[in-house]
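Take a look at the structure set out below.
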Amino acid sequence: MIKLHCLGASREVGRSAFVLQTDRRVLLDYGMKIFDEAGKPTYPDSVEDVKLDAAFISHAHLDHSGFVPKIYTHSKIPWYATPPTYDICDILWKDSMKIQGDELPWGNAHYKKAMKYWQPLMYNHRVGVGETNFEFMDAGHIAGAAMVLAKYNGKKILYTADFKSEATRLHAGAKMPRENVDALIIESTYADREHPERKGLEKKFADEIYETVNQGGTVLCPSFAVGRSQELIRIIRAYHRDVPIYLDGMAKTVTHVYAKYRKYLQDYDRFVQDVESITFVESMEEKKHATAGGNVIVSTAGMMEGGPALNYTKYLNRDSKIIFTGYCVEGTNGWLLQNKGQLRVEGNMLEVELPVEYMDFSAHAGRKDLFDMVKKTNPGKIVCIHGDEARAEKFAEELKGMGYDAVAPSRGDKIDLAKIS
Ligand SMILES: [Zn+2]
Ligand SMILES: [Zn+2]
């Protein structure tokens, strides 16, 4: 029997972590949840008692990679990831140490060990762990993001992690498997809705920028450091060659990493050209210029929990506008701003008079894409993960209604994926 032990991302988004058991035990992702309902970080179930052989990390987002250094408090297994994932993990893990300090369940020594035990694995390349073969496939989600295809004893297991089928300015879209699989472990983040069509949304975003900037305002885009900030640069430049763009926060370092990886980006040359045309904010002088009006600021943090994005709001003139392009967890500043027109700064609530908008530039598959993935792979067993309670459950119910054997597991569950004859 091939088994899946669910340690997180089960009826929730965040802390993706699974142990796949074939002839070996392998971790599929080991992430954390950055904000739980109380605004605190939470972690997946421990693997200290599990004798692991390797880990495969789908991509660098902390909800998939953030707990990897914890492995090295008790184990010395190799972890496989693409080179961009490794480079971005380096940035995000260092940032975690800075932000969480002593509260983090791992420290600098474990971070260093984790960096040492990395093994590169490229898209469409294979590696064997025992008798099980593992292959990475482009997930179209962020640079270096992979789906994991495991083969053991004639059985195929596909773990999608986070994927996007539709092409974006940076990625061609997930590489769909050409074969049926025996088990599909699939994200459910947006199983109940479609994202707006990309081109139309880009146009709307570009129009808003044009209007605001023309009036002498600044458009502030609080943005995720990984993926979204880089995509926004490409989108803005595709429509406005000359609008000054200021990039601030951790997005700057990540953008330098993106610019290293020709093979992992669409239109790489244009991306590099666009990046060369923007200002990486380093000085106070540049911060002042950024808010002077007539500009766009792309800055972390995406949910406005700290980072320069939060600080900029104080200096925007009254013709300015704030546009969110990513999901904000309830209770975060990004959510407060969109729903109540307020920000929490150092414990005080501030009213913000500026117009605030949300545009759904999601890097995840929409409803139709998820069902397409199921139809293309025609799995004998489906495990619906990485979706909140209601969504994951409804997704599994719908799939059952279509005749599939589907389940939305709870944390701690052990699921039989396929029988070995
Ligand atoms: Zn992700
Ligand atoms: Zn995720």
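Going by the structure tokens order, chains are called A, B, ..., each with residues numbered from 1, while ligands are numbered from 1 in the order shown.
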Could you list, with a cut-off of 8 Å and counting only C-alpha atoms and all ligand atoms, the residues of chain A near ligand 1, each shown with its nearest atom pair and the distance in Å rounded to one decimal, rows sorted by chain and ascending number, as JSON lines?
```
{"residue": "A:His59", "atom": "CA", "partner": "ligand 1", "partner_atom_place_in_ligand_line": "1 (Zn)", "distance": 6.7}
{"residue": "A:Ala60", "atom": "CA", "partner": "ligand 1", "partner_atom_place_in_ligand_line": "1 (Zn)", "distance": 7.4}
{"residue": "A:His61", "atom": "CA", "partner": "ligand 1", "partner_atom_place_in_ligand_line": "1 (Zn)", "distance": 5.0}
{"residue": "A:Leu62", "atom": "CA", "partner": "ligand 1", "partner_atom_place_in_ligand_line": "1 (Zn)", "distance": 7.9}
{"residue": "A:Asp63", "atom": "CA", "partner": "ligand 1", "partner_atom_place_in_ligand_line": "1 (Zn)", "distance": 7.1}
{"residue": "A:His64", "atom": "CA", "partner": "ligand 1", "partner_atom_place_in_ligand_line": "1 (Zn)", "distance": 7.1}
{"residue": "A:His141", "atom": "CA", "partner": "ligand 1", "partner_atom_place_in_ligand_line": "1 (Zn)", "distance": 6.7}
{"residue": "A:Ile142", "atom": "CA", "partner": "ligand 1", "partner_atom_place_in_ligand_line": "1 (Zn)", "distance": 7.2}
{"residue": "A:Ala145", "atom": "CA", "partner": "ligand 1", "partner_atom_place_in_ligand_line": "1 (Zn)", "distance": 7.9}
{"residue": "A:Ala161", "atom": "CA", "partner": "ligand 1", "partner_atom_place_in_ligand_line": "1 (Zn)", "distance": 7.7}
{"residue": "A:Asp162", "atom": "CA", "partner": "ligand 1", "partner_atom_place_in_ligand_line": "1 (Zn)", "distance": 5.2}
{"residue": "A:Phe163", "atom": "CA", "partner": "ligand 1", "partner_atom_place_in_ligand_line": "1 (Zn)", "distance": 7.8}
{"residue": "A:Ala363", "atom": "CA", "partner": "ligand 1", "partner_atom_place_in_ligand_line": "1 (Zn)", "distance": 7.6}
{"residue": "A:His364", "atom": "CA", "partner": "ligand 1", "partner_atom_place_in_ligand_line": "1 (Zn)", "distance": 7.9}
```
Selection above as a file: N, CA and C atoms, as an mmCIF file, in the first residue's frame:
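Result file is part_3.cif:
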```
data_model
loop_
_atom_site.group_PDB
_atom_site.id
_atom_site.type_symbol
_atom_site.label_atom_id
_atom_site.label_comp_id
_atom_site.auth_asym_id
_atom_site.auth_seq_id
_atom_site.Cartn_x
_atom_site.Cartn_y
_atom_site.Cartn_z
ATOM 1 N N HIS A 59 7.942 24.613 -3.713
ATOM 2 C CA HIS A 59 8.326 25.996 -4.018
ATOM 3 C C HIS A 59 8.621 26.755 -2.738
ATOM 4 N N ALA A 60 9.091 27.987 -2.900
ATOM 5 C CA ALA A 60 9.681 28.705 -1.772
ATOM 6 C C ALA A 60 8.669 29.370 -0.835
ATOM 7 N N HIS A 61 7.434 29.593 -1.260
ATOM 8 C CA HIS A 61 6.466 30.230 -0.350
ATOM 9 C C HIS A 61 6.537 29.554 1.022
ATOM 10 N N LEU A 62 6.504 30.371 2.075
ATOM 11 C CA LEU A 62 6.740 29.833 3.416
ATOM 12 C C LEU A 62 5.711 28.794 3.833
ATOM 13 N N ASP A 63 4.510 28.863 3.249
ATOM 14 C CA ASP A 63 3.530 27.839 3.645
ATOM 15 C C ASP A 63 3.904 26.470 3.061
ATOM 16 N N HIS A 64 4.968 26.410 2.257
ATOM 17 C CA HIS A 64 5.462 25.130 1.726
ATOM 18 C C HIS A 64 6.900 24.829 2.163
ATOM 19 N N HIS A 141 3.451 28.569 -11.076
ATOM 20 C CA HIS A 141 2.936 29.317 -9.910
ATOM 21 C C HIS A 141 3.863 30.479 -9.544
ATOM 22 N N ILE A 142 5.106 30.194 -9.211
ATOM 23 C CA ILE A 142 6.152 31.224 -9.047
ATOM 24 C C ILE A 142 7.427 30.629 -9.641
ATOM 25 N N ALA A 145 8.657 26.896 -9.056
ATOM 26 C CA ALA A 145 7.605 26.074 -8.428
ATOM 27 C C ALA A 145 7.379 24.802 -9.229
ATOM 28 N N ALA A 161 0.841 20.560 -5.357
ATOM 29 C CA ALA A 161 1.157 21.733 -4.531
ATOM 30 C C ALA A 161 0.361 22.920 -5.089
ATOM 31 N N ASP A 162 0.954 24.117 -5.211
ATOM 32 C CA ASP A 162 0.239 25.258 -5.784
ATOM 33 C C ASP A 162 0.541 25.300 -7.277
ATOM 34 N N PHE A 163 -0.493 25.379 -8.091
ATOM 35 C CA PHE A 163 -0.229 25.459 -9.535
ATOM 36 C C PHE A 163 -1.171 26.445 -10.210
ATOM 37 N N ALA A 363 -2.186 33.548 -8.371
ATOM 38 C CA ALA A 363 -1.200 32.638 -8.980
ATOM 39 C C ALA A 363 -1.645 31.188 -8.830
ATOM 40 N N HIS A 364 -2.942 31.008 -8.509
ATOM 41 C CA HIS A 364 -3.477 29.656 -8.324
ATOM 42 C C HIS A 364 -4.463 29.297 -9.430
#
```
Protein and nucleic residues near ligand 2, 12 Å, only C-alpha atoms and all ligand atoms, as number ranges by chain: A: 8-10, 12-17, 29-34, 57-66, 139, 141-142, 145-146, 160-164, 186-190, 327, 362-365, 385-388
If we count only C-alpha atoms and set the cut-off at 10 Å, which residues sit around A:Gln338, ignoring sequence neighbours fewer than 4 positions away in its own chain? Please answer as a PDB file with C-alpha atoms, in the first residue's frame.
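Result file is out39.pdb:
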```pdb
ATOM      1  CA  ILE A 322      -4.003  51.740  -2.939  1.00  0.00           C
ATOM      2  CA  ILE A 323      -4.443  48.629  -5.070  1.00  0.00           C
ATOM      3  CA  PHE A 324      -4.134  45.137  -3.603  1.00  0.00           C
ATOM      4  CA  CYS A 328      -5.215  39.166   2.491  1.00  0.00           C
ATOM      5  CA  ASN A 333      -3.817  45.222   7.881  1.00  0.00           C
ATOM      6  CA  GLY A 334      -4.529  44.524   4.209  1.00  0.00           C
ATOM      7  CA  GLN A 342      -8.415  51.252   8.776  1.00  0.00           C
ATOM      8  CA  LEU A 343      -4.843  50.295   9.592  1.00  0.00           C
ATOM      9  CA  PRO A 355      -9.609  54.756  -2.197  1.00  0.00           C
ATOM     10  CA  VAL A 356      -8.649  51.103  -1.837  1.00  0.00           C
ATOM     11  CA  GLU A 357      -9.188  48.382  -4.415  1.00  0.00           C
ATOM     12  CA  TYR A 358      -8.606  44.684  -4.794  1.00  0.00           C
TER      13      TYR A 358
END
```
Counting only C-alpha atoms, the residue of A:Asn153, A:Pro69, A:Ser283, A:Gly412 that sits nearest A:Leu92: A:Pro69
Long-range neighbours of A:His256 as a PDB file with all heavy atoms, in the first residue's frame, 10 Å cut-off, only C-alpha atoms, 4 positions minimum in chain:
```pdb
ATOM      1  N   GLN A 230       7.151  40.881  -9.049  1.00  0.00           N
ATOM      2  CA  GLN A 230       7.837  40.784 -10.343  1.00  0.00           C
ATOM      3  C   GLN A 230       6.829  40.807 -11.490  1.00  0.00           C
ATOM      4  O   GLN A 230       7.071  41.422 -12.534  1.00  0.00           O
ATOM      5  CB  GLN A 230       8.681  39.498 -10.405  1.00  0.00           C
ATOM      6  CG  GLN A 230       9.843  39.452  -9.414  1.00  0.00           C
ATOM      7  CD  GLN A 230       9.403  39.230  -7.972  1.00  0.00           C
ATOM      8  OE1 GLN A 230       8.408  38.566  -7.717  1.00  0.00           O
ATOM      9  NE2 GLN A 230      10.136  39.785  -7.019  1.00  0.00           N
ATOM     10  N   ALA A 251      10.848  42.508  -1.784  1.00  0.00           N
ATOM     11  CA  ALA A 251      10.647  42.269  -3.216  1.00  0.00           C
ATOM     12  C   ALA A 251      11.907  42.597  -4.018  1.00  0.00           C
ATOM     13  O   ALA A 251      12.151  42.002  -5.072  1.00  0.00           O
ATOM     14  CB  ALA A 251       9.474  43.108  -3.717  1.00  0.00           C
ATOM     15  N   LYS A 252      12.713  43.517  -3.514  1.00  0.00           N
ATOM     16  CA  LYS A 252      13.932  43.915  -4.245  1.00  0.00           C
ATOM     17  C   LYS A 252      14.898  42.732  -4.362  1.00  0.00           C
ATOM     18  O   LYS A 252      15.383  42.418  -5.452  1.00  0.00           O
ATOM     19  CB  LYS A 252      14.640  45.070  -3.508  1.00  0.00           C
ATOM     20  CG  LYS A 252      13.887  46.379  -3.546  1.00  0.00           C
ATOM     21  CD  LYS A 252      14.666  47.489  -2.860  1.00  0.00           C
ATOM     22  CE  LYS A 252      14.717  47.285  -1.364  1.00  0.00           C
ATOM     23  NZ  LYS A 252      15.330  48.401  -0.635  1.00  0.00           N
ATOM     24  N   LYS A 260      18.170  36.162 -12.243  1.00  0.00           N
ATOM     25  CA  LYS A 260      19.259  35.190 -12.459  1.00  0.00           C
ATOM     26  C   LYS A 260      18.809  34.009 -13.303  1.00  0.00           C
ATOM     27  O   LYS A 260      19.641  33.241 -13.798  1.00  0.00           O
ATOM     28  CB  LYS A 260      19.712  34.618 -11.101  1.00  0.00           C
ATOM     29  CG  LYS A 260      20.780  35.390 -10.386  1.00  0.00           C
ATOM     30  CD  LYS A 260      20.977  34.869  -8.966  1.00  0.00           C
ATOM     31  CE  LYS A 260      21.453  33.415  -8.895  1.00  0.00           C
ATOM     32  NZ  LYS A 260      21.627  32.973  -7.480  1.00  0.00           N
ATOM     33  N   TYR A 261      17.498  33.793 -13.410  1.00  0.00           N
ATOM     34  CA  TYR A 261      17.002  32.511 -13.909  1.00  0.00           C
ATOM     35  C   TYR A 261      16.236  32.590 -15.232  1.00  0.00           C
ATOM     36  O   TYR A 261      15.017  32.540 -15.257  1.00  0.00           O
ATOM     37  CB  TYR A 261      16.150  31.836 -12.841  1.00  0.00           C
ATOM     38  CG  TYR A 261      16.984  31.339 -11.694  1.00  0.00           C
ATOM     39  CD1 TYR A 261      16.943  31.960 -10.457  1.00  0.00           C
ATOM     40  CD2 TYR A 261      17.846  30.261 -11.872  1.00  0.00           C
ATOM     41  CE1 TYR A 261      17.731  31.508  -9.404  1.00  0.00           C
ATOM     42  CE2 TYR A 261      18.636  29.800 -10.833  1.00  0.00           C
ATOM     43  CZ  TYR A 261      18.578  30.425  -9.601  1.00  0.00           C
ATOM     44  OH  TYR A 261      19.356  29.978  -8.574  1.00  0.00           O
ATOM     45  N   VAL A 272      14.098  41.408 -17.703  1.00  0.00           N
ATOM     46  CA  VAL A 272      15.338  42.063 -17.272  1.00  0.00           C
ATOM     47  C   VAL A 272      15.336  43.532 -17.697  1.00  0.00           C
ATOM     48  O   VAL A 272      15.703  44.422 -16.918  1.00  0.00           O
ATOM     49  CB  VAL A 272      16.572  41.308 -17.818  1.00  0.00           C
ATOM     50  CG1 VAL A 272      17.850  42.103 -17.592  1.00  0.00           C
ATOM     51  CG2 VAL A 272      16.680  39.943 -17.156  1.00  0.00           C
ATOM     52  N   VAL A 275      13.044  45.413 -15.411  1.00  0.00           N
ATOM     53  CA  VAL A 275      13.644  45.574 -14.085  1.00  0.00           C
ATOM     54  C   VAL A 275      14.684  46.698 -14.118  1.00  0.00           C
ATOM     55  O   VAL A 275      14.801  47.492 -13.182  1.00  0.00           O
ATOM     56  CB  VAL A 275      14.260  44.234 -13.598  1.00  0.00           C
ATOM     57  CG1 VAL A 275      15.166  44.447 -12.390  1.00  0.00           C
ATOM     58  CG2 VAL A 275      13.151  43.236 -13.257  1.00  0.00           C
TER      59      VAL A 275
END
```
Of the residues A:Ser75, A:Asn214, A:Thr85, A:Thr22, which is the one nearest to A:Asn295, using only C-alpha atoms?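 Residue with the minimum atom-to-atom distance to A:Asn295: A:Asn214.
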Shortest interatomic distance to A:Ile209 - which of A:Val243, A:Ala183, A:Ala109, A:Ile415, counting only C-alpha atoms: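 The shortest atom-to-atom distance to A:Ile209 comes from A:Val243.
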Between A:Gly130, A:His74, A:Pro105, A:Val383, which one has atoms that come closest to A:Thr42, using only C-alpha atoms?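 Of the candidates, the smallest distance to A:Thr42 is held by A:Pro105.
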Nearest to A:Lys156 among A:Leu350, A:Ile2, A:Ala292, A:Ile99, with distances taken over only C-alpha atoms: which residue is it?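 Looking only at the distances to A:Lys156, the closest residue turns out to be A:Ile2.
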As a ChimeraX atom specification, list the residues of stretch 49-149 of chain A assigned to strand (DSSP E) by DSSP on the backbone atoms of this structure. /A:54-56,79-81,118-120,126-129,132-138,146-149
When you count only C-alpha atoms, which of these residues is closest to A:Tyr312: A:Met97, A:Val254, A:Val219, A:Ile233?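 Using only C-alpha atoms, the shortest distance to A:Tyr312 belongs to A:Val219.
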